[in-house]
$ cat protein-v1.pdb   # PDB, C-alpha atoms
MODEL        1
ATOM      1  CA  MET A  18     125.431 150.250 120.319
ATOM      2  CA  GLU A  19     125.682 148.862 123.833
ATOM      3  CA  SER A  20     126.027 145.149 124.394
ATOM      4  CA  GLY A  21     122.715 143.354 124.651
ATOM      5  CA  GLU A  22     120.959 145.826 122.331
ATOM      6  CA  THR A  23     119.664 144.555 119.046
ATOM      7  CA  ARG A  24     119.158 146.570 115.922
ATOM      8  CA  ASN A  25     115.656 147.012 114.673
ATOM      9  CA  PRO A  26     115.743 145.382 111.209
ATOM     10  CA  SER A  27     112.794 147.465 110.025
ATOM     11  CA  ALA A  28     114.652 150.729 110.697
ATOM     12  CA  SER A  29     117.153 150.092 107.934
ATOM     13  CA  GLY A  30     117.513 147.594 105.160
ATOM     14  CA  LYS A  31     120.592 145.807 103.918
ATOM     15  CA  ARG A  32     123.837 147.781 103.903
ATOM     16  CA  GLY A  33     122.315 150.580 105.968
ATOM     17  CA  LEU A  34     119.822 151.717 103.355
ATOM     18  CA  PRO A  35     116.429 152.793 104.692
ATOM     19  CA  GLU A  36     113.615 150.263 104.360
ATOM     20  CA  ILE A  37     110.999 151.154 101.743
ATOM     21  CA  HIS A  38     107.600 151.528 103.353
ATOM     22  CA  SER A  39     105.063 148.920 102.230
ATOM     23  CA  SER A  40     102.482 151.563 101.267
ATOM     24  CA  LEU A  41     105.008 153.263  98.948
ATOM     25  CA  ARG A  42     105.909 149.880  97.476
ATOM     26  CA  ALA A  43     102.257 148.960  96.832
ATOM     27  CA  THR A  44     101.292 152.382  95.436
ATOM     28  CA  ALA A  45     104.363 152.589  93.206
ATOM     29  CA  THR A  46     103.842 149.036  91.918
ATOM     30  CA  ALA A  47     100.210 149.768  91.071
ATOM     31  CA  ALA A  48     101.121 153.038  89.354
ATOM     32  CA  ALA A  49     103.996 151.469  87.414
ATOM     33  CA  GLY A  50     101.782 148.608  86.232
ATOM     34  CA  GLY A  51      99.145 151.016  84.982
ATOM     35  CA  THR A  52     101.756 153.171  83.329
ATOM     36  CA  LEU A  53     103.018 150.207  81.319
ATOM     37  CA  VAL A  54      99.490 149.747  80.001
ATOM     38  CA  ILE A  55      98.714 153.361  79.084
ATOM     39  CA  TRP A  56     101.879 155.176  77.998
ATOM     40  CA  TRP A  57     102.383 153.746  74.489
ATOM     41  CA  PRO A  58      98.730 153.911  73.383
ATOM     42  CA  ALA A  59      98.531 157.503  74.653
ATOM     43  CA  PHE A  60     101.803 158.431  72.910
ATOM     44  CA  THR A  61     100.720 156.934  69.586
ATOM     45  CA  PHE A  62      97.346 158.660  69.859
ATOM     46  CA  GLY A  63      99.174 161.961  70.302
ATOM     47  CA  ALA A  64     101.728 161.335  67.544
ATOM     48  CA  TYR A  65      99.601 159.547  64.943
ATOM     49  CA  ASP A  66      95.996 160.366  65.956
ATOM     50  CA  ALA A  67      95.572 156.585  66.183
ATOM     51  CA  ILE A  68      95.989 153.794  68.669
ATOM     52  CA  PHE A  69      97.828 150.856  67.187
ATOM     53  CA  PHE A  70      95.961 147.560  67.080
ATOM     54  CA  ASP A  71      98.679 145.778  69.047
ATOM     55  CA  ASN A  72      98.036 148.136  71.984
ATOM     56  CA  VAL A  73      94.355 147.269  71.980
ATOM     57  CA  LEU A  74      95.126 143.552  71.686
ATOM     58  CA  ALA A  75      97.603 143.749  74.586
ATOM     59  CA  LEU A  76      94.895 145.359  76.713
ATOM     60  CA  TRP A  77      92.469 142.663  75.542
ATOM     61  CA  ALA A  78      94.946 139.925  76.529
ATOM     62  CA  VAL A  79      95.443 141.277  80.055
ATOM     63  CA  ALA A  80      91.733 141.901  80.628
ATOM     64  CA  THR A  81      90.771 138.486  79.257
ATOM     65  CA  ALA A  82      93.396 136.703  81.373
ATOM     66  CA  VAL A  83      92.020 138.321  84.535
ATOM     67  CA  LEU A  84      88.451 137.596  83.397
ATOM     68  CA  LEU A  85      89.234 133.919  82.787
ATOM     69  CA  ALA A  86      91.010 133.638  86.148
ATOM     70  CA  GLY A  87      87.902 135.084  87.820
ATOM     71  CA  LEU A  88      85.659 132.670  85.935
ATOM     72  CA  ALA A  89      87.865 129.715  86.868
ATOM     73  CA  LEU A  90      87.634 130.659  90.545
ATOM     74  CA  HIS A  91      84.051 131.955  90.534
ATOM     75  CA  ARG A  92      83.000 129.471  93.227
ATOM     76  CA  GLN A  93      85.689 130.655  95.650
ATOM     77  CA  VAL A  94      85.683 134.401  94.973
ATOM     78  CA  SER A  95      83.072 136.934  94.028
ATOM     79  CA  VAL A  96      83.804 139.604  91.463
ATOM     80  CA  PRO A  97      81.469 142.627  91.228
ATOM     81  CA  TRP A  98      79.474 142.885  87.983
ATOM     82  CA  GLY A  99      81.134 146.236  87.189
ATOM     83  CA  SER A 100      84.508 144.507  87.126
ATOM     84  CA  TRP A 101      83.188 141.806  84.809
ATOM     85  CA  SER A 102      81.822 144.503  82.511
ATOM     86  CA  ALA A 103      85.113 146.396  82.396
ATOM     87  CA  LEU A 104      87.029 143.214  81.669
ATOM     88  CA  LEU A 105      84.643 142.418  78.811
ATOM     89  CA  LEU A 106      85.017 145.820  77.074
ATOM     90  CA  PRO A 107      88.108 144.912  75.006
ATOM     91  CA  SER A 108      86.392 141.702  73.820
ATOM     92  CA  LEU A 109      83.316 143.741  72.923
ATOM     93  CA  TRP A 110      85.489 146.011  70.755
ATOM     94  CA  ILE A 111      86.855 142.989  68.872
ATOM     95  CA  ILE A 112      83.380 141.503  68.373
ATOM     96  CA  LEU A 113      82.039 144.853  67.113
ATOM     97  CA  GLY A 114      85.008 145.146  64.762
ATOM     98  CA  MET A 115      84.217 141.740  63.284
ATOM     99  CA  THR A 116      80.502 142.370  62.889
ATOM    100  CA  ALA A 117      80.655 146.005  61.731
ATOM    101  CA  PRO A 118      83.951 146.519  59.885
ATOM    102  CA  ILE A 119      85.255 150.069  59.671
ATOM    103  CA  SER A 120      85.638 149.688  55.903
ATOM    104  CA  ARG A 121      81.843 149.729  55.586
ATOM    105  CA  GLY A 122      81.500 153.179  57.080
ATOM    106  CA  PHE A 123      81.400 152.329  60.812
ATOM    107  CA  HIS A 124      84.034 154.893  61.753
ATOM    108  CA  TYR A 125      82.626 155.251  65.263
ATOM    109  CA  LEU A 126      84.464 152.037  66.147
ATOM    110  CA  HIS A 127      87.734 153.955  66.119
ATOM    111  CA  TYR A 128      86.418 156.267  68.841
ATOM    112  CA  PHE A 129      85.213 153.271  70.827
ATOM    113  CA  GLU A 130      88.675 151.730  70.430
ATOM    114  CA  VAL A 131      90.317 154.895  71.765
ATOM    115  CA  ALA A 132      87.892 155.105  74.682
ATOM    116  CA  VAL A 133      88.313 151.431  75.585
ATOM    117  CA  THR A 134      92.081 151.671  75.513
ATOM    118  CA  ILE A 135      92.594 155.007  77.253
ATOM    119  CA  LEU A 136      89.722 154.904  79.751
ATOM    120  CA  SER A 137      89.967 151.282  80.768
ATOM    121  CA  ALA A 138      93.700 151.464  81.550
ATOM    122  CA  PRO A 139      93.180 153.314  84.875
ATOM    123  CA  TYR A 140      90.343 150.974  85.831
ATOM    124  CA  LEU A 141      92.428 147.945  84.910
ATOM    125  CA  THR A 142      95.250 149.424  86.997
ATOM    126  CA  TRP A 143      92.968 149.548  90.001
ATOM    127  CA  LEU A 144      91.475 146.114  89.372
ATOM    128  CA  LEU A 145      94.771 144.369  88.673
ATOM    129  CA  SER A 146      96.407 146.048  91.654
ATOM    130  CA  LYS A 147      93.556 144.880  93.859
ATOM    131  CA  ILE A 148      93.953 141.331  92.563
ATOM    132  CA  LEU A 149      97.740 141.061  92.228
ATOM    133  CA  LEU A 150      99.049 143.111  95.176
ATOM    134  CA  SER A 151      98.347 141.649  98.565
ATOM    135  CA  ASP A 152      99.038 144.994 100.335
ATOM    136  CA  TYR A 153      96.769 147.026  98.063
ATOM    137  CA  ASP A 154      93.584 146.754 100.138
ATOM    138  CA  GLU A 155      95.500 147.862 103.211
ATOM    139  CA  LEU A 156      96.406 151.166 101.597
ATOM    140  CA  PRO A 157      94.349 154.221 102.475
ATOM    141  CA  THR A 158      91.796 155.145  99.816
ATOM    142  CA  ALA A 159      93.755 158.249  98.829
ATOM    143  CA  GLN A 160      96.825 156.158  97.995
ATOM    144  CA  ARG A 161      94.799 153.627  95.994
ATOM    145  CA  PHE A 162      93.211 156.396  93.947
ATOM    146  CA  GLY A 163      96.635 158.039  93.807
ATOM    147  CA  ALA A 164      97.988 155.079  91.824
ATOM    148  CA  VAL A 165      95.090 155.378  89.378
ATOM    149  CA  GLY A 166      95.633 159.154  89.200
ATOM    150  CA  ILE A 167      99.313 158.631  88.424
ATOM    151  CA  THR A 168      98.295 156.282  85.611
ATOM    152  CA  LEU A 169      95.965 158.961  84.191
ATOM    153  CA  LEU A 170      98.649 161.639  84.517
ATOM    154  CA  ILE A 171     101.213 159.477  82.700
ATOM    155  CA  GLY A 172      98.612 158.856  79.970
ATOM    156  CA  ILE A 173      98.048 162.594  79.545
ATOM    157  CA  LEU A 174     101.784 163.329  79.552
ATOM    158  CA  ALA A 175     102.468 160.520  77.052
ATOM    159  CA  PHE A 176      99.744 161.921  74.781
ATOM    160  CA  LEU A 177     101.340 165.372  74.956
ATOM    161  CA  LEU A 178     104.803 163.909  74.292
ATOM    162  CA  GLY A 179     103.348 162.193  71.237
ATOM    163  CA  LYS A 180     101.622 165.372  70.083
ATOM    164  CA  PHE A 181     104.808 167.429  70.489
ATOM    165  CA  ASN A 182     107.285 164.714  69.480
ATOM    166  CA  HIS A 183     108.896 167.128  67.002
ATOM    167  CA  LEU A 184     110.420 169.016  69.938
ATOM    168  CA  PHE A 185     112.627 166.113  71.080
ATOM    169  CA  LEU A 186     112.478 163.357  68.433
ATOM    170  CA  THR A 187     113.173 163.275  64.708
ATOM    171  CA  CYS A 188     111.553 161.348  61.867
ATOM    172  CA  ALA A 189     114.692 159.200  61.838
ATOM    173  CA  ASP A 190     114.083 158.230  65.495
ATOM    174  CA  PHE A 191     110.775 156.704  64.456
ATOM    175  CA  ASP A 192     112.337 155.049  61.407
ATOM    176  CA  VAL A 193     115.158 153.347  63.328
ATOM    177  CA  SER A 194     112.692 152.116  65.947
ATOM    178  CA  GLY A 195     110.672 150.364  63.246
ATOM    179  CA  ASN A 196     107.748 152.800  63.333
ATOM    180  CA  ASN A 197     106.485 154.993  60.525
ATOM    181  CA  ALA A 198     107.345 158.628  60.967
ATOM    182  CA  PRO A 199     104.269 160.549  62.185
ATOM    183  CA  PRO A 200     103.029 163.653  60.355
ATOM    184  CA  GLY A 201     104.873 166.779  61.403
ATOM    185  CA  CYS A 202     107.943 165.057  62.841
ATOM    186  CA  ALA A 203     111.231 166.968  62.801
ATOM    187  CA  LYS A 204     113.814 166.241  60.099
ATOM    188  CA  GLY A 205     117.231 165.196  61.264
ATOM    189  CA  PRO A 206     119.375 162.261  62.332
ATOM    190  CA  PRO A 207     118.217 159.866  65.038
ATOM    191  CA  TYR A 208     119.226 160.529  68.625
ATOM    192  CA  ARG A 209     122.497 158.778  69.414
ATOM    193  CA  LEU A 210     124.804 158.684  72.362
ATOM    194  CA  ARG A 211     128.224 159.827  71.205
TER     195      ARG A 211
ENDMDL
END
$ encode --input "protein-v1.pdb" --output "structure tokens"
Amino acid sequence: MESGETRNPSASGKRGLPEIHSSLRATATAAAGGTLVIWWPAFTFGAYDAIFFDNVLALWAVATAVLLAGLALHRQVSVPWGSWSALLLPSLWIILGMTAPISRGFHYLHYFEVAVTILSAPYLTWLLSKILLSDYDELPTAQRFGAVGITLLIGILAFLLGKFNHLFLTCADFDVSGNNAPPGCAKGPPYRLR
């Protein structure tokens, strides 16, 4: 570099590493957030043909927190009615569960539970990304939908990993993790690094 020239700080980050583009950062953050919401419910649905109640309650907690934040700031911000509806779905599942218990023959609630958990995760990814990531609205539409698509893809892959868990996990892996072994799991010792 000749004297008097300055380095462009955006061309490389600290220690000569390339700077991560803000659109990659925003898209990856949105996709990772959605993945954290969907992967375990999808895996358990594949492995056990059930979504565990703690997954549904975690989704309820996140949706209700965003809903309450929107209600607290309703005079300063406007939230579309579709967003309010999506944020209310997990609460609706809980209310239906209390008023029409499954033990009395209302088995359709299980399907509603699965739909709420699996289908609302991508929407919550989009909504939470829009709210929590300041760069999200600046992303092109394809990248915003890309983050939601990645969330869906991870959900599908997690379901398939759960369905075919016998190919890479054993019953003992589930036992040592504190979970019941799913039907059809492979016999053998748990996976260990040796």
$ axis_aligned_box --input "protein-v1.pdb" --around "stretch 57-73 of chain A" --padding-each-side "8 Å" --output "JSON"
{"center_x": 98.4, "center_y": 153.9, "center_z": 69.8, "size_x": 24.0, "size_y": 32.2, "size_z": 25.7}
$ resolve_selection --input "protein-v1.pdb" --expression "the PyMOL selection byres ((chain A and resi 161) around 12)" --output "number ranges by chain"
A: 40-48, 139-140, 142-147, 150, 152-160, 162-168
$ write_last_selection --input "protein-v1.pdb" --atoms "C-alpha atoms" --output "PDB file, in the frame of the given file"
ATOM      1  CA  SER A  40     102.482 151.563 101.267  1.00  0.00           C
ATOM      2  CA  LEU A  41     105.008 153.263  98.948  1.00  0.00           C
ATOM      3  CA  ARG A  42     105.909 149.880  97.476  1.00  0.00           C
ATOM      4  CA  ALA A  43     102.257 148.960  96.832  1.00  0.00           C
ATOM      5  CA  THR A  44     101.292 152.382  95.436  1.00  0.00           C
ATOM      6  CA  ALA A  45     104.363 152.589  93.206  1.00  0.00           C
ATOM      7  CA  THR A  46     103.842 149.036  91.918  1.00  0.00           C
ATOM      8  CA  ALA A  47     100.210 149.768  91.071  1.00  0.00           C
ATOM      9  CA  ALA A  48     101.121 153.038  89.354  1.00  0.00           C
ATOM     10  CA  PRO A 139      93.180 153.314  84.875  1.00  0.00           C
ATOM     11  CA  TYR A 140      90.343 150.974  85.831  1.00  0.00           C
ATOM     12  CA  THR A 142      95.250 149.424  86.997  1.00  0.00           C
ATOM     13  CA  TRP A 143      92.968 149.548  90.001  1.00  0.00           C
ATOM     14  CA  LEU A 144      91.475 146.114  89.372  1.00  0.00           C
ATOM     15  CA  LEU A 145      94.771 144.369  88.673  1.00  0.00           C
ATOM     16  CA  SER A 146      96.407 146.048  91.654  1.00  0.00           C
ATOM     17  CA  LYS A 147      93.556 144.880  93.859  1.00  0.00           C
ATOM     18  CA  LEU A 150      99.049 143.111  95.176  1.00  0.00           C
ATOM     19  CA  ASP A 152      99.038 144.994 100.335  1.00  0.00           C
ATOM     20  CA  TYR A 153      96.769 147.026  98.063  1.00  0.00           C
ATOM     21  CA  ASP A 154      93.584 146.754 100.138  1.00  0.00           C
ATOM     22  CA  GLU A 155      95.500 147.862 103.211  1.00  0.00           C
ATOM     23  CA  LEU A 156      96.406 151.166 101.597  1.00  0.00           C
ATOM     24  CA  PRO A 157      94.349 154.221 102.475  1.00  0.00           C
ATOM     25  CA  THR A 158      91.796 155.145  99.816  1.00  0.00           C
ATOM     26  CA  ALA A 159      93.755 158.249  98.829  1.00  0.00           C
ATOM     27  CA  GLN A 160      96.825 156.158  97.995  1.00  0.00           C
ATOM     28  CA  PHE A 162      93.211 156.396  93.947  1.00  0.00           C
ATOM     29  CA  GLY A 163      96.635 158.039  93.807  1.00  0.00           C
ATOM     30  CA  ALA A 164      97.988 155.079  91.824  1.00  0.00           C
ATOM     31  CA  VAL A 165      95.090 155.378  89.378  1.00  0.00           C
ATOM     32  CA  GLY A 166      95.633 159.154  89.200  1.00  0.00           C
ATOM     33  CA  ILE A 167      99.313 158.631  88.424  1.00  0.00           C
ATOM     34  CA  THR A 168      98.295 156.282  85.611  1.00  0.00           C
TER      35      THR A 168
END
$ closest_residue --input "protein-v1.pdb" --among "A:Ala103, A:Ala203, A:Leu186, A:Ala49" --to "A:Leu169" --atoms "only C-alpha atoms"
A:Ala49
$ closest_residue --input "protein-v1.pdb" --among "A:Phe60, A:Pro107, A:Tyr208, A:Ala132" --to "A:Asp190" --atoms "all atoms listed in the file"
A:Tyr208
$ atom_distance --input "protein-v1.pdb" --atom1 "atom CA of A:Leu184" --atom2 "atom CA of A:Thr61"
15.5 Å
$ residues_around --input "protein-v1.pdb" --residues "A:Pro58" --least-positions-apart "2" --cutoff "7 Å" --atoms "all atoms listed in the file" --output "list in words"
Ile55, Trp56, Phe60, Thr61, Phe62, Ile68, Phe69 and Asn72 of chain A
$ closest_residue --input "protein-v1.pdb" --among "A:Ala67, A:Ala189, A:Leu106, A:Leu174" --to "A:Ala80" --atoms "only C-alpha atoms"
A:Leu106
$ closest_residue --input "protein-v1.pdb" --among "A:Cys202, A:Leu84, A:Ala75, A:Phe176" --to "A:Ile148" --atoms "all atoms listed in the file"
A:Leu84
$ closest_residue --input "protein-v1.pdb" --among "A:Val79, A:Ala64, A:Ile37, A:Leu53" --to "A:Cys188" --atoms "all atoms listed in the file"
A:Ala64
$ atom_distance --input "protein-v1.pdb" --atom1 "atom CA of A:His91" --atom2 "atom CA of A:Trp77"
20.3 Å
$ closest_residue --input "protein-v1.pdb" --among "A:Leu177, A:Ile111, A:Leu105, A:Leu90" --to "A:Phe70" --atoms "only C-alpha atoms"
A:Ile111
$ atom_distance --input "protein-v1.pdb" --atom1 "atom CA of A:Gly51" --atom2 "atom CA of A:Leu76"
10.9 Å
$ resolve_selection --input "protein-v1.pdb" --expression "the PyMOL selection byres ((chain A and resi 109) around 12)" --output "list in words"
Val73, Leu74, Trp77, Ala80, Thr81, Ser102, Ala103, Leu104, Leu105, Leu106, Pro107, Ser108, Trp110, Ile111, Ile112, Leu113, Gly114, Met115, Thr116, Ala117, Leu126, Phe129, Glu130 and Val133 of chain A
$ decode --input "protein-v1.pdb" --residues "stretch 70-82 of chain A" --atoms "all heavy atoms" --output "short mmCIF file (atom, residue, chain, number, x, y, z; two decimals), in the first residue's frame"
data_model
loop_
_atom_site.label_atom_id
_atom_site.label_comp_id
_atom_site.auth_asym_id
_atom_site.auth_seq_id
_atom_site.Cartn_x
_atom_site.Cartn_y
_atom_site.Cartn_z
N PHE A 70 -45.60 -31.94 24.42
CA PHE A 70 -46.30 -30.75 24.91
C PHE A 70 -45.35 -29.60 25.19
O PHE A 70 -45.72 -28.44 25.01
CB PHE A 70 -47.10 -31.09 26.18
CG PHE A 70 -46.26 -31.28 27.41
CD1 PHE A 70 -45.99 -30.20 28.24
CD2 PHE A 70 -45.75 -32.52 27.73
CE1 PHE A 70 -45.20 -30.37 29.37
CE2 PHE A 70 -44.97 -32.69 28.85
CZ PHE A 70 -44.69 -31.61 29.68
N ASP A 71 -44.11 -29.88 25.59
CA ASP A 71 -43.20 -28.78 25.88
C ASP A 71 -42.83 -28.01 24.62
O ASP A 71 -42.55 -26.81 24.67
CB ASP A 71 -41.96 -29.25 26.64
CG ASP A 71 -41.21 -30.38 25.95
OD1 ASP A 71 -41.77 -31.05 25.07
OD2 ASP A 71 -40.03 -30.58 26.30
N ASN A 72 -42.85 -28.69 23.45
CA ASN A 72 -42.61 -27.99 22.19
C ASN A 72 -43.73 -27.01 21.88
O ASN A 72 -43.49 -25.88 21.45
CB ASN A 72 -42.49 -28.97 21.03
CG ASN A 72 -41.37 -29.96 21.18
OD1 ASN A 72 -41.52 -31.12 20.82
ND2 ASN A 72 -40.24 -29.56 21.73
N VAL A 73 -44.96 -27.46 22.10
CA VAL A 73 -46.11 -26.61 21.84
C VAL A 73 -46.12 -25.43 22.82
O VAL A 73 -46.38 -24.29 22.44
CB VAL A 73 -47.43 -27.41 21.93
CG1 VAL A 73 -48.63 -26.52 21.75
CG2 VAL A 73 -47.43 -28.51 20.89
N LEU A 74 -45.78 -25.70 24.08
CA LEU A 74 -45.76 -24.62 25.07
C LEU A 74 -44.62 -23.64 24.81
O LEU A 74 -44.77 -22.43 25.08
CB LEU A 74 -45.68 -25.19 26.49
CG LEU A 74 -46.96 -25.91 26.94
CD1 LEU A 74 -46.78 -26.51 28.33
CD2 LEU A 74 -48.16 -24.99 26.91
N ALA A 75 -43.50 -24.09 24.28
CA ALA A 75 -42.42 -23.17 23.91
C ALA A 75 -42.87 -22.26 22.78
O ALA A 75 -42.63 -21.04 22.81
CB ALA A 75 -41.17 -23.95 23.51
N LEU A 76 -43.55 -22.82 21.79
CA LEU A 76 -44.09 -22.03 20.70
C LEU A 76 -45.13 -21.04 21.23
O LEU A 76 -45.15 -19.87 20.84
CB LEU A 76 -44.72 -22.94 19.64
CG LEU A 76 -45.25 -22.29 18.39
CD1 LEU A 76 -44.12 -21.65 17.60
CD2 LEU A 76 -45.96 -23.32 17.54
N TRP A 77 -45.98 -21.50 22.15
CA TRP A 77 -46.96 -20.62 22.77
C TRP A 77 -46.27 -19.45 23.49
O TRP A 77 -46.69 -18.31 23.37
CB TRP A 77 -47.83 -21.40 23.76
CG TRP A 77 -48.66 -20.51 24.61
CD1 TRP A 77 -49.86 -19.95 24.30
CD2 TRP A 77 -48.33 -20.02 25.91
NE1 TRP A 77 -50.30 -19.14 25.32
CE2 TRP A 77 -49.37 -19.18 26.32
CE3 TRP A 77 -47.25 -20.23 26.76
CZ2 TRP A 77 -49.36 -18.54 27.56
CZ3 TRP A 77 -47.24 -19.59 27.99
CH2 TRP A 77 -48.29 -18.75 28.38
N ALA A 78 -45.20 -19.74 24.22
CA ALA A 78 -44.50 -18.70 24.98
C ALA A 78 -43.92 -17.63 24.05
O ALA A 78 -44.07 -16.43 24.31
CB ALA A 78 -43.39 -19.32 25.83
N VAL A 79 -43.30 -18.05 22.97
CA VAL A 79 -42.71 -17.08 22.03
C VAL A 79 -43.80 -16.26 21.36
O VAL A 79 -43.73 -15.03 21.29
CB VAL A 79 -41.84 -17.81 20.97
CG1 VAL A 79 -41.42 -16.86 19.87
CG2 VAL A 79 -40.63 -18.45 21.62
N ALA A 80 -44.84 -16.93 20.87
CA ALA A 80 -45.93 -16.23 20.19
C ALA A 80 -46.64 -15.26 21.14
O ALA A 80 -46.95 -14.13 20.77
CB ALA A 80 -46.94 -17.23 19.62
N THR A 81 -46.86 -15.68 22.37
CA THR A 81 -47.55 -14.83 23.34
C THR A 81 -46.69 -13.64 23.75
O THR A 81 -47.20 -12.53 23.92
CB THR A 81 -47.97 -15.66 24.57
OG1 THR A 81 -48.79 -16.74 24.11
CG2 THR A 81 -48.77 -14.83 25.55
N ALA A 82 -45.38 -13.84 23.86
CA ALA A 82 -44.49 -12.73 24.20
C ALA A 82 -44.53 -11.67 23.10
O ALA A 82 -44.62 -10.46 23.39
CB ALA A 82 -43.06 -13.24 24.39
#
